[in-house]
>>> print(open('entry.cif').read())   # mmCIF, C-alpha atoms
data_model
loop_
_atom_site.group_PDB
_atom_site.id
_atom_site.type_symbol
_atom_site.label_atom_id
_atom_site.label_comp_id
_atom_site.auth_asym_id
_atom_site.auth_seq_id
_atom_site.Cartn_x
_atom_site.Cartn_y
_atom_site.Cartn_z
ATOM 1 C CA MET A 3 33.599 3.777 -2.800
ATOM 2 C CA THR A 4 31.770 1.035 -0.878
ATOM 3 C CA SER A 5 28.325 -0.370 -1.651
ATOM 4 C CA HIS A 6 27.108 0.826 1.746
ATOM 5 C CA VAL A 7 27.091 4.498 0.812
ATOM 6 C CA LEU A 8 24.243 6.275 2.574
ATOM 7 C CA THR A 9 21.956 8.265 0.327
ATOM 8 C CA GLN A 10 19.198 10.697 1.231
ATOM 9 C CA VAL A 11 16.004 9.882 -0.668
ATOM 10 C CA SER A 12 12.777 11.838 -0.059
ATOM 11 C CA GLY A 13 13.710 12.766 3.480
ATOM 12 C CA SER A 14 14.776 9.320 4.647
ATOM 13 C CA ILE A 15 18.225 7.785 4.829
ATOM 14 C CA THR A 16 18.555 4.508 2.976
ATOM 15 C CA ARG A 17 21.465 2.301 2.054
ATOM 16 C CA GLY A 18 22.691 2.466 -1.525
ATOM 17 C CA ASN A 19 21.443 -0.379 -3.742
ATOM 18 C CA MET A 20 18.298 -0.818 -1.637
ATOM 19 C CA TYR A 21 16.039 0.012 -4.571
ATOM 20 C CA GLY A 22 16.775 -3.193 -6.431
ATOM 21 C CA ALA A 23 14.346 -5.517 -8.142
ATOM 22 C CA PRO A 24 11.076 -6.240 -6.336
ATOM 23 C CA VAL A 25 10.704 -9.392 -4.281
ATOM 24 C CA ASP A 26 8.085 -11.069 -6.471
ATOM 25 C CA LEU A 27 5.794 -13.541 -4.720
ATOM 26 C CA SER A 28 2.916 -13.127 -7.156
ATOM 27 C CA PHE A 29 1.047 -16.110 -8.600
ATOM 28 C CA LYS A 30 2.260 -18.431 -5.810
ATOM 29 C CA HIS A 31 -1.213 -19.677 -4.761
ATOM 30 C CA VAL A 32 -0.608 -18.238 -1.296
ATOM 31 C CA SER A 33 -3.697 -18.117 0.952
ATOM 32 C CA ARG A 34 -2.007 -16.964 4.158
ATOM 33 C CA LEU A 35 0.959 -14.627 4.248
ATOM 34 C CA SER A 36 2.869 -17.117 6.386
ATOM 35 C CA ASP A 37 2.609 -19.568 3.447
ATOM 36 C CA ALA A 38 4.781 -17.189 1.422
ATOM 37 C CA TRP A 39 7.741 -17.674 3.768
ATOM 38 C CA THR A 40 8.627 -21.009 2.137
ATOM 39 C CA GLU A 41 8.312 -19.628 -1.400
ATOM 40 C CA GLU A 42 11.219 -18.558 -3.559
ATOM 41 C CA PRO A 43 10.629 -15.185 -5.266
ATOM 42 C CA SER A 44 10.221 -15.267 -9.042
ATOM 43 C CA SER A 45 13.223 -14.125 -11.014
ATOM 44 C CA SER A 46 13.128 -11.079 -13.255
ATOM 45 C CA LEU A 47 15.436 -9.291 -15.671
ATOM 46 C CA ARG A 48 17.072 -7.553 -12.717
ATOM 47 C CA PRO A 49 18.469 -10.141 -10.326
ATOM 48 C CA LEU A 50 17.590 -9.912 -6.655
ATOM 49 C CA LYS A 51 20.511 -9.132 -4.367
ATOM 50 C CA ARG A 52 20.837 -10.454 -0.808
ATOM 51 C CA ASN A 53 22.731 -9.304 2.226
ATOM 52 C CA SER A 54 24.881 -11.531 4.465
ATOM 53 C CA LYS A 55 21.745 -12.703 6.330
ATOM 54 C CA LYS A 56 20.152 -13.842 3.022
ATOM 55 C CA LYS A 57 17.573 -11.025 3.145
ATOM 56 C CA TYR A 58 16.699 -9.262 -0.083
ATOM 57 C CA ARG A 59 17.999 -5.765 -0.796
ATOM 58 C CA SER A 60 14.748 -4.356 -2.048
ATOM 59 C CA CYS A 61 12.082 -1.865 -1.047
ATOM 60 C CA SER A 62 9.361 -3.503 -3.143
ATOM 61 C CA LEU A 63 7.209 -6.525 -2.433
ATOM 62 C CA ARG A 64 4.757 -8.164 -4.843
ATOM 63 C CA LEU A 65 2.118 -10.409 -3.300
ATOM 64 C CA ASN A 66 -0.446 -9.919 -6.053
ATOM 65 C CA ASN A 67 -2.550 -12.589 -7.762
ATOM 66 C CA ASN A 68 -2.742 -14.930 -4.797
ATOM 67 C CA ASN A 69 -5.608 -15.914 -2.496
ATOM 68 C CA ILE A 70 -4.664 -13.800 0.525
ATOM 69 C CA THR A 71 -7.673 -12.962 2.705
ATOM 70 C CA ASP A 72 -6.111 -11.033 5.583
ATOM 71 C CA LEU A 73 -2.917 -9.164 6.354
ATOM 72 C CA HIS A 74 -2.407 -10.569 9.845
ATOM 73 C CA ASP A 75 1.231 -11.602 9.173
ATOM 74 C CA LEU A 76 2.196 -8.747 6.846
ATOM 75 C CA GLN A 77 4.852 -7.223 9.100
ATOM 76 C CA ARG A 78 6.422 -10.630 9.758
ATOM 77 C CA THR A 79 6.387 -11.366 6.018
ATOM 78 C CA VAL A 80 8.099 -8.073 5.228
ATOM 79 C CA ASN A 81 10.671 -8.792 7.968
ATOM 80 C CA HIS A 82 11.208 -12.309 6.604
ATOM 81 C CA PHE A 83 12.117 -11.176 3.090
ATOM 82 C CA LEU A 84 13.574 -7.660 3.230
ATOM 83 C CA ALA A 85 16.995 -6.623 4.493
ATOM 84 C CA GLU A 86 15.539 -3.318 5.672
ATOM 85 C CA PRO A 87 11.818 -3.934 6.256
ATOM 86 C CA SER A 88 11.209 -0.432 7.593
ATOM 87 C CA GLN A 89 12.119 0.893 4.127
ATOM 88 C CA LEU A 90 9.293 -0.898 2.282
ATOM 89 C CA ALA A 91 8.142 1.677 -0.267
ATOM 90 C CA TRP A 92 6.105 -0.324 -2.814
ATOM 91 C CA LEU A 93 3.572 -3.031 -1.962
ATOM 92 C CA ASP A 94 1.380 -4.868 -4.458
ATOM 93 C CA LEU A 95 -1.543 -6.750 -2.899
ATOM 94 C CA SER A 96 -3.789 -6.576 -5.966
ATOM 95 C CA PHE A 97 -5.991 -9.451 -7.096
ATOM 96 C CA ASN A 98 -6.340 -11.244 -3.779
ATOM 97 C CA ASN A 99 -9.366 -11.784 -1.534
ATOM 98 C CA ILE A 100 -8.708 -8.973 0.934
ATOM 99 C CA SER A 101 -11.928 -7.488 2.325
ATOM 100 C CA HIS A 102 -10.578 -4.887 4.774
ATOM 101 C CA ILE A 103 -7.875 -2.226 4.818
ATOM 102 C CA ASP A 104 -6.040 -3.624 7.803
ATOM 103 C CA GLN A 105 -4.425 -1.380 10.410
ATOM 104 C CA VAL A 106 -1.099 -3.179 9.797
ATOM 105 C CA LEU A 107 -0.725 -1.182 6.563
ATOM 106 C CA CYS A 108 -0.506 1.972 8.685
ATOM 107 C CA GLU A 109 2.725 0.703 10.235
ATOM 108 C CA LEU A 110 4.531 0.892 6.865
ATOM 109 C CA HIS A 111 5.686 4.483 7.328
ATOM 110 C CA GLU A 112 7.880 4.639 4.205
ATOM 111 C CA LEU A 113 5.179 3.255 1.904
ATOM 112 C CA ARG A 114 4.814 5.294 -1.265
ATOM 113 C CA VAL A 115 2.906 2.959 -3.604
ATOM 114 C CA LEU A 116 0.090 0.620 -2.552
ATOM 115 C CA TYR A 117 -1.855 -1.569 -4.982
ATOM 116 C CA LEU A 118 -5.083 -2.992 -3.583
ATOM 117 C CA HIS A 119 -7.163 -3.222 -6.769
ATOM 118 C CA GLY A 120 -9.133 -6.354 -7.588
ATOM 119 C CA ASN A 121 -9.932 -7.348 -4.000
ATOM 120 C CA GLY A 122 -13.166 -7.382 -1.983
ATOM 121 C CA ILE A 123 -12.793 -4.190 0.073
ATOM 122 C CA PHE A 124 -16.298 -2.964 0.888
ATOM 123 C CA ILE A 125 -16.010 -0.313 3.638
ATOM 124 C CA LEU A 126 -15.003 3.005 2.071
ATOM 125 C CA SER A 127 -14.259 4.708 5.398
ATOM 126 C CA GLU A 128 -11.383 2.240 6.016
ATOM 127 C CA VAL A 129 -9.381 4.221 3.441
ATOM 128 C CA ASP A 130 -9.132 6.972 6.086
ATOM 129 C CA ARG A 131 -6.709 4.781 8.051
ATOM 130 C CA LEU A 132 -4.086 5.221 5.341
ATOM 131 C CA GLY A 133 -3.976 8.975 5.972
ATOM 132 C CA VAL A 134 -1.230 8.380 8.545
ATOM 133 C CA LEU A 135 1.197 7.284 5.805
ATOM 134 C CA PRO A 136 3.141 10.494 5.104
ATOM 135 C CA HIS A 137 4.740 9.405 1.806
ATOM 136 C CA LEU A 138 1.872 7.483 0.180
ATOM 137 C CA HIS A 139 1.445 9.099 -3.242
ATOM 138 C CA THR A 140 0.026 6.254 -5.351
ATOM 139 C CA ILE A 141 -2.869 3.922 -4.581
ATOM 140 C CA THR A 142 -5.130 1.603 -6.547
ATOM 141 C CA LEU A 143 -8.505 0.555 -5.189
ATOM 142 C CA HIS A 144 -10.571 0.011 -8.339
ATOM 143 C CA GLY A 145 -12.187 -3.380 -8.746
ATOM 144 C CA ASN A 146 -13.311 -3.371 -5.104
ATOM 145 C CA MET A 147 -16.897 -2.955 -3.931
ATOM 146 C CA ILE A 148 -16.054 0.518 -2.570
ATOM 147 C CA GLU A 149 -15.646 1.739 -6.142
ATOM 148 C CA THR A 150 -19.448 1.680 -6.595
ATOM 149 C CA ASN A 151 -19.930 4.331 -3.890
ATOM 150 C CA LYS A 152 -20.669 7.659 -5.612
ATOM 151 C CA ALA A 153 -18.311 9.446 -3.181
ATOM 152 C CA TYR A 154 -15.482 6.949 -3.878
ATOM 153 C CA ARG A 155 -12.917 9.155 -5.612
ATOM 154 C CA ASN A 156 -13.691 12.263 -3.511
ATOM 155 C CA ARG A 157 -13.452 10.267 -0.282
ATOM 156 C CA VAL A 158 -10.087 8.697 -1.166
ATOM 157 C CA ILE A 159 -8.540 11.972 -2.364
ATOM 158 C CA SER A 160 -9.876 13.746 0.723
ATOM 159 C CA ALA A 161 -8.481 11.069 3.061
ATOM 160 C CA LEU A 162 -5.082 11.013 1.309
ATOM 161 C CA PRO A 163 -4.240 14.638 0.444
ATOM 162 C CA GLN A 164 -0.674 13.820 -0.669
ATOM 163 C CA LEU A 165 -1.988 11.450 -3.376
ATOM 164 C CA LYS A 166 -0.636 12.053 -6.881
ATOM 165 C CA THR A 167 -2.070 8.981 -8.605
ATOM 166 C CA MET A 168 -5.223 6.989 -7.901
ATOM 167 C CA ASP A 169 -6.279 3.934 -9.888
ATOM 168 C CA PHE A 170 -3.518 4.583 -12.444
ATOM 169 C CA SER A 171 -4.910 8.068 -13.126
ATOM 170 C CA ALA A 172 -3.340 11.374 -12.076
ATOM 171 C CA VAL A 173 -5.102 13.290 -9.320
ATOM 172 C CA THR A 174 -5.815 16.728 -10.754
ATOM 173 C CA ARG A 175 -5.899 20.072 -8.978
ATOM 174 C CA GLN A 176 -9.644 20.285 -9.751
ATOM 175 C CA GLU A 177 -10.220 16.885 -8.123
ATOM 176 C CA ARG A 178 -8.420 18.095 -4.995
ATOM 177 C CA VAL A 179 -10.688 21.147 -4.829
ATOM 178 C CA MET A 180 -13.799 19.004 -5.367
ATOM 179 C CA ALA A 181 -12.657 16.510 -2.718
ATOM 180 C CA LYS A 182 -12.115 19.344 -0.242
ATOM 181 C CA ILE A 183 -15.590 20.740 -0.946
ATOM 182 C CA TRP A 184 -17.076 17.244 -0.650
ATOM 183 C CA HIS A 185 -15.273 16.706 2.674
ATOM 184 C CA GLN A 186 -16.510 20.006 4.122
ATOM 185 C CA SER A 187 -20.100 19.391 3.023
ATOM 186 C CA SER A 188 -20.115 15.811 4.325
ATOM 187 C CA ARG A 189 -18.765 17.017 7.675
ATOM 188 C CA ARG A 190 -21.526 19.633 7.886
ATOM 189 C CA SER A 191 -24.222 17.089 7.037
ATOM 190 C CA ARG A 192 -22.861 14.665 9.658
ATOM 191 C CA GLY A 193 -22.907 17.500 12.199
ATOM 192 C CA ARG A 194 -26.554 18.279 11.376
ATOM 193 C CA LYS A 195 -27.552 14.620 11.773
ATOM 194 C CA GLU A 196 -25.859 14.460 15.185
ATOM 195 C CA THR A 197 -27.724 17.552 16.453
ATOM 196 C CA LEU A 198 -31.056 16.120 15.278
ATOM 197 C CA GLN A 199 -30.583 12.946 17.314
#
>>> encode(input="entry.cif", output="structure tokens")
Amino acid sequence: MTSHVLTQVSGSITRGNMYGAPVDLSFKHVSRLSDAWTEEPSSSLRPLKRNSKKKYRSCSLRLNNNNITDLHDLQRTVNHFLAEPSQLAWLDLSFNNISHIDQVLCELHELRVLYLHGNGIFILSEVDRLGVLPHLHTITLHGNMIETNKAYRNRVISALPQLKTMDFSAVTRQERVMAKIWHQSSRRSRGRKETLQ
């Protein structure tokens, strides 16, 4: 049997061995994503495997604990390192200086896990953008300014109905019900404000 056996995983076709060790670019003092292109990923217990074009056979990318402020070059960075960039499933951008949930994250259609905790995200409604990611089931956003909003957890769960884990805590059935009620009541109150104007 060859190493290029196709496997069906969660509705998408991926090449066997694609779920190898993460490409770890954490703690590299990277300020711009393009700066990461010259970095060598940190080694781990599981060695990184490369294809014939020297791209990594992985669906996970760690860019945490750097000084990244924007995600302008995210897609190019993913393309630079991963053998199959469209299969990126796990992205760690925690502990950077990111202040916005950039639209570029919405292009990562196979993304399942997204860590954004410990940044400077301050506009809660930007979470809504991530609702287009059909497989996103885990997100972290704690340690951002949005966490202080009293509607924080309801808003995120409402915007991402497929979420199973938020901020390293399971999303319960009761939380889903409460988020749905919150969403309906906030929509009604917005509608009333618009008719008063």
>>> closest_atom_pairs(input="entry.cif", of="range 122-176 of chain A", to="range 108-117 of chain A", cutoff="6 Å", atoms="all atoms listed in the file", output="CSV")
residue,atom,partner,partner_atom,distance
A:Leu132,CA,A:Cys108,CA,5.9
A:Leu135,CA,A:His111,CA,5.5
A:His137,CA,A:Arg114,CA,5.1
A:Leu138,CA,A:Arg114,CA,3.9
A:His139,CA,A:Arg114,CA,5.5
A:Thr140,CA,A:Val115,CA,4.7
A:Ile141,CA,A:Leu116,CA,4.9
A:Thr142,CA,A:Tyr117,CA,4.8
>>> closest_residue(input="entry.cif", among="A:Ile183, A:Leu126, A:Gln176, A:Asp169", to="Lys152 in chain A", atoms="all atoms listed in the file")
A:Leu126
>>> atom_distance(input="entry.cif", atom1="CA of Asp94 in chain A", atom2="CA of Ser28 in chain A")
8.8 Å
>>> closest_residue(input="entry.cif", among="A:Ala181, A:Val80, A:Ile125, A:Val25", to="Pro49 in chain A", atoms="all atoms listed in the file")
A:Val25
>>> resolve_selection(input="entry.cif", expression="the PyMOL selection byres ((chain A and resi 95) around 7)", output="PyMOL selection string")
chain A and resi 64-66+93-94+96-98+117-118
>>> residues_around(input="entry.cif", residues="Asp75 in chain A", least_positions_apart="6", cutoff="12 Å", atoms="all atoms listed in the file", output="PyMOL selection string")
chain A and resi 33-39+81-82+104-107
>>> atom_distance(input="entry.cif", atom1="CA of Ala91 in chain A", atom2="CA of Cys61 in chain A")
5.4 Å
>>> residues_around(input="entry.cif", residues="Gly22 in chain A", least_positions_apart="4", cutoff="9 Å", atoms="all atoms listed in the file", output="list in words")
Arg48, Pro49, Leu50, Lys51, Tyr58, Arg59, Ser60, Cys61 and Ser62 of chain A
>>> atom_distance(input="entry.cif", atom1="CA of Asn121 in chain A", atom2="CA of Ser44 in chain A")
22.2 Å
>>> closest_residue(input="entry.cif", among="A:Gln186, A:Asn151, A:Asn99, A:Ser127", to="Asn68 in chain A", atoms="all atoms listed in the file")
A:Asn99
>>> closest_residue(input="entry.cif", among="A:Lys30, A:His102, A:His144, A:Lys55", to="Val129 in chain A", atoms="only C-alpha atoms")
A:His102
>>> resolve_selection(input="entry.cif", expression="the PyMOL selection byres ((chain A and resi 122) around 9)", output="PyMOL selection string")
chain A and resi 98-102+119-121+123-124+145-148
>>> closest_residue(input="entry.cif", among="A:Lys56, A:Ser188, A:Phe83, A:Pro136", to="Asn156 in chain A", atoms="only C-alpha atoms")
A:Ser188
>>> closest_residue(input="entry.cif", among="A:His31, A:Arg78, A:Arg157, A:Lys166", to="Ser187 in chain A", atoms="all atoms listed in the file")
A:Arg157
>>> residues_around(input="entry.cif", residues="Gly133 in chain A", least_positions_apart="4", cutoff="8 Å", atoms="all atoms listed in the file", output="list in words")
Val129, Ala161, Leu162 and Pro163 of chain A
>>> decode(input="entry.cif", residues="range 68-168 of chain A", atoms="C-alpha atoms", output="PDB file, in the first residue's frame")
ATOM      1  CA  ASN A  68       4.932  36.111  18.610  1.00  0.00           C
ATOM      2  CA  ASN A  69       4.286  39.803  17.956  1.00  0.00           C
ATOM      3  CA  ILE A  70       1.969  39.453  14.956  1.00  0.00           C
ATOM      4  CA  THR A  71      -0.351  42.447  14.560  1.00  0.00           C
ATOM      5  CA  ASP A  72      -2.253  41.618  11.376  1.00  0.00           C
ATOM      6  CA  LEU A  73      -3.034  38.604   9.231  1.00  0.00           C
ATOM      7  CA  HIS A  74      -2.419  40.271   5.875  1.00  0.00           C
ATOM      8  CA  ASP A  75      -0.067  37.497   4.641  1.00  0.00           C
ATOM      9  CA  LEU A  76      -1.768  34.538   6.329  1.00  0.00           C
ATOM     10  CA  GLN A  77      -2.776  32.733   3.137  1.00  0.00           C
ATOM     11  CA  ARG A  78       0.700  33.176   1.645  1.00  0.00           C
ATOM     12  CA  THR A  79       2.253  31.915   4.890  1.00  0.00           C
ATOM     13  CA  VAL A  80       0.043  28.830   4.893  1.00  0.00           C
ATOM     14  CA  ASN A  81       0.926  28.236   1.218  1.00  0.00           C
ATOM     15  CA  HIS A  82       4.630  28.690   1.987  1.00  0.00           C
ATOM     16  CA  PHE A  83       4.757  25.989   4.659  1.00  0.00           C
ATOM     17  CA  LEU A  84       2.034  23.413   3.985  1.00  0.00           C
ATOM     18  CA  ALA A  85       1.969  20.775   1.264  1.00  0.00           C
ATOM     19  CA  GLU A  86      -1.815  21.066   1.094  1.00  0.00           C
ATOM     20  CA  PRO A  87      -2.678  24.558   2.371  1.00  0.00           C
ATOM     21  CA  SER A  88      -6.388  24.156   1.660  1.00  0.00           C
ATOM     22  CA  GLN A  89      -6.445  21.394   4.298  1.00  0.00           C
ATOM     23  CA  LEU A  90      -5.352  23.621   7.204  1.00  0.00           C
ATOM     24  CA  ALA A  91      -7.475  22.382  10.104  1.00  0.00           C
ATOM     25  CA  TRP A  92      -5.751  23.763  13.228  1.00  0.00           C
ATOM     26  CA  LEU A  93      -4.371  27.289  13.597  1.00  0.00           C
ATOM     27  CA  ASP A  94      -2.861  28.749  16.759  1.00  0.00           C
ATOM     28  CA  LEU A  95      -2.534  32.545  16.739  1.00  0.00           C
ATOM     29  CA  SER A  96      -2.731  32.966  20.516  1.00  0.00           C
ATOM     30  CA  PHE A  97      -0.610  35.449  22.445  1.00  0.00           C
ATOM     31  CA  ASN A  98       0.102  37.894  19.642  1.00  0.00           C
ATOM     32  CA  ASN A  99      -0.988  41.505  19.134  1.00  0.00           C
ATOM     33  CA  ILE A 100      -3.904  40.857  16.789  1.00  0.00           C
ATOM     34  CA  SER A 101      -6.696  43.415  17.212  1.00  0.00           C
ATOM     35  CA  HIS A 102      -9.177  42.291  14.536  1.00  0.00           C
ATOM     36  CA  ILE A 103     -10.672  39.031  13.299  1.00  0.00           C
ATOM     37  CA  ASP A 104      -9.486  39.416   9.740  1.00  0.00           C
ATOM     38  CA  GLN A 105     -11.590  38.297   6.780  1.00  0.00           C
ATOM     39  CA  VAL A 106      -8.664  36.118   5.612  1.00  0.00           C
ATOM     40  CA  LEU A 107      -9.573  33.604   8.341  1.00  0.00           C
ATOM     41  CA  CYS A 108     -12.868  33.017   6.526  1.00  0.00           C
ATOM     42  CA  GLU A 109     -10.975  31.616   3.542  1.00  0.00           C
ATOM     43  CA  LEU A 110      -9.716  28.651   5.609  1.00  0.00           C
ATOM     44  CA  HIS A 111     -12.688  26.422   4.804  1.00  0.00           C
ATOM     45  CA  GLU A 112     -11.326  23.264   6.466  1.00  0.00           C
ATOM     46  CA  LEU A 113     -10.449  25.027   9.726  1.00  0.00           C
ATOM     47  CA  ARG A 114     -11.666  23.116  12.759  1.00  0.00           C
ATOM     48  CA  VAL A 115      -9.644  24.623  15.624  1.00  0.00           C
ATOM     49  CA  LEU A 116      -8.743  28.307  15.973  1.00  0.00           C
ATOM     50  CA  TYR A 117      -6.845  29.744  18.941  1.00  0.00           C
ATOM     51  CA  LEU A 118      -7.001  33.525  19.231  1.00  0.00           C
ATOM     52  CA  HIS A 119      -6.746  33.930  23.012  1.00  0.00           C
ATOM     53  CA  GLY A 120      -4.386  36.468  24.545  1.00  0.00           C
ATOM     54  CA  ASN A 121      -4.619  39.055  21.761  1.00  0.00           C
ATOM     55  CA  GLY A 122      -6.186  42.525  21.576  1.00  0.00           C
ATOM     56  CA  ILE A 123      -9.448  41.771  19.746  1.00  0.00           C
ATOM     57  CA  PHE A 124     -11.963  44.419  20.799  1.00  0.00           C
ATOM     58  CA  ILE A 125     -14.929  44.255  18.380  1.00  0.00           C
ATOM     59  CA  LEU A 126     -17.218  41.394  19.405  1.00  0.00           C
ATOM     60  CA  SER A 127     -19.305  41.507  16.218  1.00  0.00           C
ATOM     61  CA  GLU A 128     -16.221  40.493  14.166  1.00  0.00           C
ATOM     62  CA  VAL A 129     -16.712  36.961  15.525  1.00  0.00           C
ATOM     63  CA  ASP A 130     -19.757  36.742  13.222  1.00  0.00           C
ATOM     64  CA  ARG A 131     -17.404  36.551  10.229  1.00  0.00           C
ATOM     65  CA  LEU A 132     -16.250  33.106  11.332  1.00  0.00           C
ATOM     66  CA  GLY A 133     -19.771  31.720  10.898  1.00  0.00           C
ATOM     67  CA  VAL A 134     -18.900  30.864   7.290  1.00  0.00           C
ATOM     68  CA  LEU A 135     -16.412  28.205   8.447  1.00  0.00           C
ATOM     69  CA  PRO A 136     -18.489  25.006   8.255  1.00  0.00           C
ATOM     70  CA  HIS A 137     -16.159  22.770  10.303  1.00  0.00           C
ATOM     71  CA  LEU A 138     -15.013  25.179  13.031  1.00  0.00           C
ATOM     72  CA  HIS A 139     -15.807  23.387  16.297  1.00  0.00           C
ATOM     73  CA  THR A 140     -13.209  24.813  18.699  1.00  0.00           C
ATOM     74  CA  ILE A 141     -12.274  28.437  19.333  1.00  0.00           C
ATOM     75  CA  THR A 142     -10.478  30.380  22.045  1.00  0.00           C
ATOM     76  CA  LEU A 143     -11.015  34.105  22.459  1.00  0.00           C
ATOM     77  CA  HIS A 144     -10.479  34.645  26.188  1.00  0.00           C
ATOM     78  CA  GLY A 145      -7.861  37.183  27.177  1.00  0.00           C
ATOM     79  CA  ASN A 146      -9.129  39.635  24.550  1.00  0.00           C
ATOM     80  CA  MET A 147     -11.023  42.839  25.293  1.00  0.00           C
ATOM     81  CA  ILE A 148     -14.211  41.294  23.853  1.00  0.00           C
ATOM     82  CA  GLU A 149     -14.323  38.933  26.823  1.00  0.00           C
ATOM     83  CA  THR A 150     -15.471  41.814  29.069  1.00  0.00           C
ATOM     84  CA  ASN A 151     -18.691  42.250  27.065  1.00  0.00           C
ATOM     85  CA  LYS A 152     -21.555  40.718  29.076  1.00  0.00           C
ATOM     86  CA  ALA A 153     -22.946  39.118  25.888  1.00  0.00           C
ATOM     87  CA  TYR A 154     -19.538  37.593  25.004  1.00  0.00           C
ATOM     88  CA  ARG A 155     -20.241  33.875  25.366  1.00  0.00           C
ATOM     89  CA  ASN A 156     -23.832  34.095  24.051  1.00  0.00           C
ATOM     90  CA  ARG A 157     -22.711  36.115  21.029  1.00  0.00           C
ATOM     91  CA  VAL A 158     -19.915  33.693  20.089  1.00  0.00           C
ATOM     92  CA  ILE A 159     -22.066  30.574  20.527  1.00  0.00           C
ATOM     93  CA  SER A 160     -24.877  32.223  18.566  1.00  0.00           C
ATOM     94  CA  ALA A 161     -22.526  33.219  15.727  1.00  0.00           C
ATOM     95  CA  LEU A 162     -20.885  29.768  15.596  1.00  0.00           C
ATOM     96  CA  PRO A 163     -23.677  27.210  16.103  1.00  0.00           C
ATOM     97  CA  GLN A 164     -21.439  24.215  15.299  1.00  0.00           C
ATOM     98  CA  LEU A 165     -19.092  25.103  18.193  1.00  0.00           C
ATOM     99  CA  LYS A 166     -18.334  22.271  20.618  1.00  0.00           C
ATOM    100  CA  THR A 167     -15.627  23.968  22.681  1.00  0.00           C
ATOM    101  CA  MET A 168     -15.074  27.629  23.514  1.00  0.00           C
TER     102      MET A 168
END
